[in-house]
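Worksheet: one structure, shown below.
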Amino acid sequence: MRKWTFPIYAAAAALAALFAVAPLDAQAKRPGVAVLDLDFGAVTKWWEGDWDIGKGVADLIVDALIDDGSFRIFERKKLEAVMSEQNLANSDRADPSAATIAKLGKIQGVRYLITGSITKFGTENKGMKVGGGGWGGGFLGGAKVGTSKGIATVALTVRMIDTSTSEIMLSAKGEGQSKRSGLLLGGGGGKWGGGLGGEVQMGSSDFRETILGEAVDIAVKNVVAQMIAKKDRLGSN
């Protein structure tokens, strides 16, 4: 029996090595992507302050892609630094120049860049669209918050671009709508304070519990599901 000892151990070691390498190979074959903040220039700005809804939605797309695991997701802080250096305006986010795409890809070491636009972002309540001051009869950032039945609609369009060729590899559109009764947005203190003068945390439970937050969540899930379904069009890094 002893003469079989070495072959058995050798086979076990070979299998262990195979299983150790296989996950690494699978990880390397996943397409590497980075997500640019979305453009929202087509949306009428009904809120006060500097709330960057394009950045907030991009963060949610990143979270959804990480949760799925089909892509390798790269750090966005470097992207933001390059965007600032290039003076990449909000209106350029959906369609950055080929030179900018190539530079972003080179610095990040990433093959694909996700860009896009928010084309709808708002609510209606009692037949009145949001605009200027009120939010369905409530007050932004104040104690009074609309809780009647409303309609919130969010629509997104995204594209995945090959940073080495500037070719659009895939596109996806998603719309989310919530018609339930509940908070139209939220108000008063904390993450919401000052009439939305600061940045709303879209990933917070406070925002997700609103009908606008629910509409954003549905729209993000739709576009991410489409990108995942089309990932076979892509190569690895």
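Residues are named by chain letter and number: chains run A, B, ... in the order of the structure tokens, numbers start at 1 in each chain, and ligands are numbered from 1 in the order shown.
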Contacts of stretch 31-39 of chain A within 7 Å, only C-alpha atoms, excl. fewer than 4 positions in-chain, as a ChimeraX atom specification: /A:54-55,58,62,71-74,76,90-91,93-94,110-118,234-237
Neighbour list for A:Ala98 as a PyMOL selection string, cut-off 9 Å, only C-alpha atoms, skip fewer than 2 positions in-chain: chain A and resi 95-96+100-103+163+165-166
Selected residues written out, N, CA and C atoms, as a compact mmCIF listing (two decimals), in the first residue's frame:
# COMPACT_ATOMS: atom_id res chain seq x y z
N ASP A 95 -21.19 62.00 -22.97
CA ASP A 95 -20.50 61.84 -24.24
C ASP A 95 -19.12 62.49 -24.17
N PRO A 96 -18.22 61.97 -23.34
CA PRO A 96 -16.88 62.55 -23.24
C PRO A 96 -16.10 62.33 -24.53
N THR A 100 -10.46 62.01 -23.82
CA THR A 100 -10.74 61.86 -22.40
C THR A 100 -10.97 60.41 -22.03
N ILE A 101 -11.72 59.68 -22.87
CA ILE A 101 -11.98 58.26 -22.63
C ILE A 101 -10.67 57.48 -22.58
N ALA A 102 -9.79 57.76 -23.54
CA ALA A 102 -8.51 57.05 -23.59
C ALA A 102 -7.67 57.36 -22.36
N LYS A 103 -7.68 58.62 -21.92
CA LYS A 103 -6.90 59.00 -20.75
C LYS A 103 -7.44 58.36 -19.49
N THR A 163 -12.31 51.77 -23.91
CA THR A 163 -11.39 52.91 -23.79
C THR A 163 -10.23 52.83 -24.77
N THR A 165 -10.61 51.85 -28.02
CA THR A 165 -11.08 52.13 -29.39
C THR A 165 -12.15 53.20 -29.45
N SER A 166 -12.71 53.60 -28.30
CA SER A 166 -13.84 54.54 -28.20
C SER A 166 -15.13 53.96 -28.80
Residues within 9 Å of stretch 168-183 of chain A, only C-alpha atoms, excluding chain neighbours under 2 positions, as a PyMOL selection string: chain A and resi 112+120+145-162+165-166+185-186+209-227+230-231+233-234
